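Heads up, the thing below is written out as structure tokens.
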Amino acid sequence: MSMACSNLDLGRTVLDLVACGCSSSASFDRSCVRNYSKINSKASSRVYGVRRLVSSRFDRARCSIASMKAAETLLDDAAQGPPPVLDLKEQRMPISLTNVFGVVADDLQTLNRNLQSIVGAENPVLMSAAEQIFGAGGKRMRPALVFLVSRATAELVNLKELTLEHRRLAEIIEMIHTASLIHDDVLDDSNMRRGKETVHQLYGTRVAVLAGDFMFAQSSWYLANLENLQVIKLISQVIKDFASGEIKQASSLFDCDVKLEEYLLKSYYKTASLIAASTKGAAIFSRVDTYITEKMYEYGKNLGLSFQVVDDILDFTQSAEQLGKPAGSDLIKGNLTAPVIFALEKEPKLREIIESEFSEPGTLDEAVDLVKSCGGIERAQELAKEKAEIAIQNLQCLPRSTFRIALEDMVLYNLDRID
């Protein structure tokens with residue numbers, strides 16, 4: 001099923017969100033996974049409940065590269081009905097990102113050393129702005145996913161070490177993500193990010209906008225030098241998606257008739273698009289078959305959607321200190337997220353409050369209470385778990401390894417944030 005993206009341009013359908021892949025043949029040296037086996041000796045038991053749900057039907061049939069189906073669209077996922085929901089109550093140890101990323105710790109250290117030199121020392125003010133956000137406690141989740149998918153797919157093609165393209169892709173992805181955060185904080189007039197003052201709060205809006213522009217431009221230059229047209233198109237689309245997401249969000253503020261599908265599309269544009277491009281780009285540079293690259297795209301897309309839904313839940317359930325920004329900040333600005341959309345189906349009073357744009361004192365707190373009491377949080381949790389389940393399913397084509405376990409653990413770590 002195909003759906004035209006109304007209200008945006010864009011002349012492309014949701015199905016067009018899936019870019020084409022490339023094919024090649026290949027195989028890997030697994031010597032680099034042993035340390036992770038020690039770090040994550042309990043990882044298999046942690047994810048057993050997830051695997052039990054999905055592996056019975058996948059383990060009986062190996063991935064057939066010859067018969068690739070068209071990638072599912074966001075709305076196709078909904079039309080087919082929800083997959084089995086993960087059991088958040090299953091007893092397991094909480095997952096640590098330190099352990100998840102342990103297998104690529106050396107790769108991440110190299111990335112951290114390279115990032116600031118890539119930004120360019122010839123612009124001291126911009127460099128200072130970049131240092132502010134690079135050092136603001138980010139998890140480096142996106143480049144870590146690049147490294148994990150790179151190594152997991154390399155096992156299929158006998159690639160003994162990551163290529164320069166893999167490493168440069170991770171750096172480009174983190175620069176693009178950082179640039180988008182700087183611009184987001186300007187657009188949202190946010191003074192805090194990860195518990196620290198934002199770039200525009202410290203240096204002013206002009207410097208913040210220029211710093212973001214500079215990093216977008218610098219990342220584009222490095223991207224062009226990779227000389228891979230498929231990846232260039234893939235990442236360039238992400239930058240366009242950022243703008244489309246902001247336009248879509250700005251055009252629907254305080255709109256209580258916004259549909260879940262529109263929310264998911266906006267979430268794809270703003271969050272999942274970059275994660276999907278990260279995981280697919282990594283697979284492309286491993287020279288694996290198109291079928292695998294598309295599965296990695298779907299993994300990244302659904303992980304990204306699940307991650308955004310969880311973030312939107314936390315905006316209602318965590319304190320400002322935990323969030324690193326004011327609680328309820330999306331709602332008071334009129335950005336209606338999954339918990340609100342679900343709650344609006346049951347509570348007319350919530351519509352009245354939102355459409356008044358919180359003009360009366362205390363109405364924000366009342367709206368938050370209504371979202372919680374009307375089941376908005378619980379239904380959003382189910383949505384996050386549904387997307388997480390699809391992400392896990394798309395990893396079944398990879399050989400069992402500590403890299404694949406780490407990718408599964410990344411999905412579970414995200415769900416742990418709302419457990």
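By order in the structure tokens, chains are A, B, ...; within a chain, residues start at 1; ligands start at 1, following the order shown.
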
Taking the DSSP secondary structure from the backbone, can you list the residues of region 329-358 of chain A that are alpha helix (DSSP H), as a short mmCIF file (atom, residue, chain, number, x, y, z; two decimals) with N, CA, C and O atoms, in the first residue's frame?
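Wrote it out as result26.cif, contents follow:
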data_model
loop_
_atom_site.label_atom_id
_atom_site.label_comp_id
_atom_site.auth_asym_id
_atom_site.auth_seq_id
_atom_site.Cartn_x
_atom_site.Cartn_y
_atom_site.Cartn_z
N SER A 329 7.51 19.69 28.12
CA SER A 329 7.91 20.78 27.22
C SER A 329 7.26 20.65 25.85
O SER A 329 6.95 21.65 25.21
N ASP A 330 7.07 19.43 25.36
CA ASP A 330 6.42 19.25 24.06
C ASP A 330 4.95 19.67 24.12
O ASP A 330 4.45 20.37 23.23
N LEU A 331 4.27 19.24 25.16
CA LEU A 331 2.83 19.50 25.25
C LEU A 331 2.54 20.99 25.36
O LEU A 331 1.65 21.51 24.67
N ILE A 332 3.29 21.71 26.18
CA ILE A 332 2.99 23.13 26.37
C ILE A 332 3.25 23.93 25.10
O ILE A 332 2.66 24.99 24.88
N ALA A 338 2.41 10.73 20.94
CA ALA A 338 1.58 9.52 21.04
C ALA A 338 0.73 9.46 22.31
O ALA A 338 -0.48 9.15 22.23
N PRO A 339 1.28 9.70 23.51
CA PRO A 339 0.42 9.61 24.70
C PRO A 339 -0.79 10.55 24.64
O PRO A 339 -1.89 10.19 25.07
N VAL A 340 -0.59 11.75 24.08
CA VAL A 340 -1.68 12.72 23.98
C VAL A 340 -2.69 12.27 22.94
O VAL A 340 -3.92 12.35 23.16
N ILE A 341 -2.20 11.81 21.80
CA ILE A 341 -3.11 11.37 20.73
C ILE A 341 -4.01 10.24 21.22
O ILE A 341 -5.23 10.24 20.96
N PHE A 342 -3.45 9.30 21.97
CA PHE A 342 -4.26 8.21 22.51
C PHE A 342 -5.25 8.72 23.56
O PHE A 342 -6.42 8.31 23.59
N ALA A 343 -4.80 9.62 24.43
CA ALA A 343 -5.68 10.12 25.50
C ALA A 343 -6.82 10.95 24.93
O ALA A 343 -7.94 10.94 25.48
N LEU A 344 -6.56 11.66 23.83
CA LEU A 344 -7.61 12.47 23.21
C LEU A 344 -8.79 11.64 22.73
O LEU A 344 -9.92 12.14 22.61
N PRO A 348 -12.66 14.26 26.27
CA PRO A 348 -12.98 15.54 25.61
C PRO A 348 -12.40 16.75 26.34
O PRO A 348 -12.06 17.75 25.71
N LYS A 349 -12.29 16.66 27.65
CA LYS A 349 -11.77 17.78 28.44
C LYS A 349 -10.33 18.12 28.01
O LYS A 349 -9.93 19.29 28.00
N LEU A 350 -9.59 17.11 27.65
CA LEU A 350 -8.21 17.33 27.24
C LEU A 350 -8.16 18.18 25.97
O LEU A 350 -7.30 19.06 25.83
N ARG A 351 -9.07 17.93 25.06
CA ARG A 351 -9.14 18.74 23.82
C ARG A 351 -9.38 20.21 24.16
O ARG A 351 -8.74 21.10 23.59
N GLU A 352 -10.30 20.46 25.08
CA GLU A 352 -10.60 21.85 25.44
C GLU A 352 -9.37 22.56 25.99
O GLU A 352 -9.09 23.71 25.64
N ILE A 353 -8.63 21.86 26.83
CA ILE A 353 -7.44 22.48 27.45
C ILE A 353 -6.38 22.78 26.39
O ILE A 353 -5.79 23.87 26.37
N ILE A 354 -6.13 21.81 25.51
CA ILE A 354 -5.10 21.99 24.50
C ILE A 354 -5.48 23.09 23.52
O ILE A 354 -4.65 23.94 23.16
N GLU A 355 -6.73 23.10 23.08
CA GLU A 355 -7.15 24.11 22.11
C GLU A 355 -7.16 25.52 22.71
O GLU A 355 -7.08 26.51 21.98
#

Check: Within 6 Å of region 396-408 of chain A, counting only C-alpha atoms, which residues qualify if same-chain residues fewer than 2 places away don't, as an MDAnalysis selection string?
Finding: chainID A and resid 63 100 148 152 393:394 410:411

Keeping all heavy atoms, export the residues of the selection given above as a short mmCIF file (atom, residue, chain, number, x, y, z; two decimals), in the first residue's frame.
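The new file part-v3.cif reads:
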data_model
loop_
_atom_site.label_atom_id
_atom_site.label_comp_id
_atom_site.auth_asym_id
_atom_site.auth_seq_id
_atom_site.Cartn_x
_atom_site.Cartn_y
_atom_site.Cartn_z
N CYS A 63 17.47 -16.71 5.79
CA CYS A 63 17.11 -15.56 4.96
C CYS A 63 17.33 -15.91 3.50
O CYS A 63 18.41 -16.32 3.12
CB CYS A 63 17.97 -14.37 5.35
SG CYS A 63 17.70 -13.86 7.03
N VAL A 100 26.41 -2.87 26.14
CA VAL A 100 25.93 -2.99 24.76
C VAL A 100 27.00 -2.51 23.78
O VAL A 100 27.26 -3.15 22.75
CB VAL A 100 24.63 -2.17 24.57
CG1 VAL A 100 24.22 -2.15 23.10
CG2 VAL A 100 23.50 -2.75 25.41
N LEU A 148 28.19 -1.41 15.02
CA LEU A 148 27.61 -2.73 15.30
C LEU A 148 27.07 -3.40 14.04
O LEU A 148 27.32 -4.59 13.80
CB LEU A 148 26.50 -2.60 16.35
CG LEU A 148 26.94 -2.31 17.78
CD1 LEU A 148 25.74 -1.98 18.65
CD2 LEU A 148 27.72 -3.48 18.37
N ALA A 152 28.45 -6.72 12.29
CA ALA A 152 27.51 -7.84 12.17
C ALA A 152 27.36 -8.28 10.72
O ALA A 152 27.31 -9.48 10.42
CB ALA A 152 26.15 -7.45 12.76
N GLN A 393 12.73 -8.51 14.78
CA GLN A 393 12.48 -9.45 13.69
C GLN A 393 13.42 -9.22 12.52
O GLN A 393 13.87 -10.17 11.88
CB GLN A 393 11.03 -9.33 13.22
CG GLN A 393 10.00 -9.85 14.22
CD GLN A 393 8.58 -9.60 13.75
OE1 GLN A 393 8.35 -9.17 12.63
NE2 GLN A 393 7.62 -9.88 14.62
N ASN A 394 13.74 -7.97 12.25
CA ASN A 394 14.57 -7.66 11.10
C ASN A 394 16.05 -8.01 11.31
O ASN A 394 16.83 -7.92 10.37
CB ASN A 394 14.42 -6.18 10.73
CG ASN A 394 13.16 -5.92 9.94
OD1 ASN A 394 13.06 -6.26 8.77
ND2 ASN A 394 12.17 -5.31 10.58
N MET A 410 20.18 -3.23 22.24
CA MET A 410 19.89 -1.81 22.04
C MET A 410 18.38 -1.57 22.04
O MET A 410 17.90 -0.59 22.60
CB MET A 410 20.50 -1.36 20.71
CG MET A 410 20.41 0.13 20.44
SD MET A 410 21.35 1.12 21.60
CE MET A 410 20.06 2.07 22.37
N VAL A 411 17.64 -2.48 21.43
CA VAL A 411 16.18 -2.39 21.42
C VAL A 411 15.63 -2.53 22.84
O VAL A 411 14.75 -1.77 23.26
CB VAL A 411 15.58 -3.47 20.51
CG1 VAL A 411 14.06 -3.41 20.52
CG2 VAL A 411 16.10 -3.32 19.07
#

Checklist line | Nearest candidate to Glu246 (chain A) (options A:Glu389, A:Glu366, A:Asp185, A:Glu357; using only C-alpha atoms) | finding: A:Asp185

Margin query: Applying 10 Å and only C-alpha atoms, which residues near Leu274 (chain A) remain after dropping the ones on its own chain fewer than 4 positions away? List them as an NGL selection string.
Written below: :A and (142 or 173-174 or 176-177 or 234-235 or 237-239 or 241-242 or 268-270 or 278-280 or 300-301 or 304)

Next item on the list: Give the answer as one residue: which of A:Thr178, A:Ile172, A:Ala208, A:Asn228 has the shortest atom-to-atom distance to Phe285 (chain A), using only C-alpha atoms?
Entry: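 That would be A:Asn228, the residue with the smallest distance to Phe285 (chain A).
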
Next item on the list: Identify which of the residues A:Lys333, A:Lys346, A:Arg379, A:Lys385 lies closest to Ser190 (chain A), counting only C-alpha atoms when measuring atom-to-atom distances.
Entry: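 Result for the nearest residue to Ser190 (chain A): A:Lys333.
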
Checklist line | Selection near Pro143 (chain A), 12 Å with only C-alpha atoms, sequence-local residues under 2 positions removed, as a PyMOL selection string | finding: chain A and resi 101+104-105+107-112+115+138-141+145-150+166-178+274-279+281-282

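Using only C-alpha atoms, the nearest neighbour of His183 (chain A) within the list A:Leu412, A:Leu162, A:Ala250, A:Val207 is A:Val207.
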
Notebook entry, point to check: Which residue out of A:Leu415, A:Leu395, A:Ile118, A:Leu226 has the minimum interatomic distance to Ile292 (chain A) when only C-alpha atoms are used?
Noted result: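 Using only C-alpha atoms, Ile292 (chain A) sits closest to A:Leu395.
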
Check: Quick one, how far is CA of Thr363 (chain A) from CA of Asp255 (chain A)?
Finding: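 Going from CA of Thr363 (chain A) over to CA of Asp255 (chain A) covers 16.9 Å.
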
Next item on the list: Would you list, as a ChimeraX atom specification, the residues of region 169-229 of chain A that end up in strand (DSSP E) under DSSP run on this structure's backbone?
Entry: /A:192-193,196-197

Those selected residues, please, written with C-alpha atoms and delivered as a PDB file, in the first residue's frame.
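part_32.pdb written:
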ATOM      1  CA  MET A 192      19.047  23.093  28.375  1.00  0.00           C
ATOM      2  CA  ARG A 193      20.224  19.959  26.599  1.00  0.00           C
ATOM      3  CA  LYS A 196      23.809  21.632  30.138  1.00  0.00           C
ATOM      4  CA  GLU A 197      23.197  25.004  28.564  1.00  0.00           C
TER       5      GLU A 197
END

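If you measure from each of A:Val103, A:Val186, A:Val288, A:Leu305 to Leu264 (chain A) using only C-alpha atoms, the closest one turns out to be A:Leu305.
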
Next item on the list: Do a neighbour search on Lys387 (chain A) at 8 Å with only C-alpha atoms, toss out local chain neighbours closer than 6 positions, and write the hits as a list in words.
Entry: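 Listing them by chain and then by number gives Asn302, Leu303, Leu305 and Ser306 of chain A.
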
Can you write out the residues you just picked, keeping all heavy atoms, as a short mmCIF file (atom, residue, chain, number, x, y, z; two decimals), in the first residue's frame?
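Result file is out_17.cif:
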data_model
loop_
_atom_site.label_atom_id
_atom_site.label_comp_id
_atom_site.auth_asym_id
_atom_site.auth_seq_id
_atom_site.Cartn_x
_atom_site.Cartn_y
_atom_site.Cartn_z
N ASN A 302 12.49 1.08 12.65
CA ASN A 302 11.60 0.71 13.75
C ASN A 302 12.22 0.94 15.11
O ASN A 302 11.51 1.31 16.05
CB ASN A 302 11.15 -0.74 13.58
CG ASN A 302 10.13 -0.89 12.46
OD1 ASN A 302 8.97 -0.51 12.62
ND2 ASN A 302 10.55 -1.40 11.31
N LEU A 303 13.54 0.78 15.23
CA LEU A 303 14.21 1.17 16.46
C LEU A 303 14.05 2.67 16.68
O LEU A 303 13.76 3.12 17.79
CB LEU A 303 15.69 0.81 16.40
CG LEU A 303 16.56 1.34 17.55
CD1 LEU A 303 16.09 0.80 18.89
CD2 LEU A 303 18.03 1.01 17.32
N LEU A 305 11.67 4.70 15.54
CA LEU A 305 10.29 5.02 15.92
C LEU A 305 10.01 4.65 17.37
O LEU A 305 9.39 5.41 18.12
CB LEU A 305 9.32 4.31 14.98
CG LEU A 305 9.28 4.80 13.53
CD1 LEU A 305 8.40 3.89 12.68
CD2 LEU A 305 8.79 6.25 13.46
N SER A 306 10.47 3.47 17.77
CA SER A 306 10.29 3.04 19.16
C SER A 306 11.00 4.00 20.11
O SER A 306 10.47 4.38 21.16
CB SER A 306 10.83 1.62 19.35
OG SER A 306 10.69 1.19 20.68
#
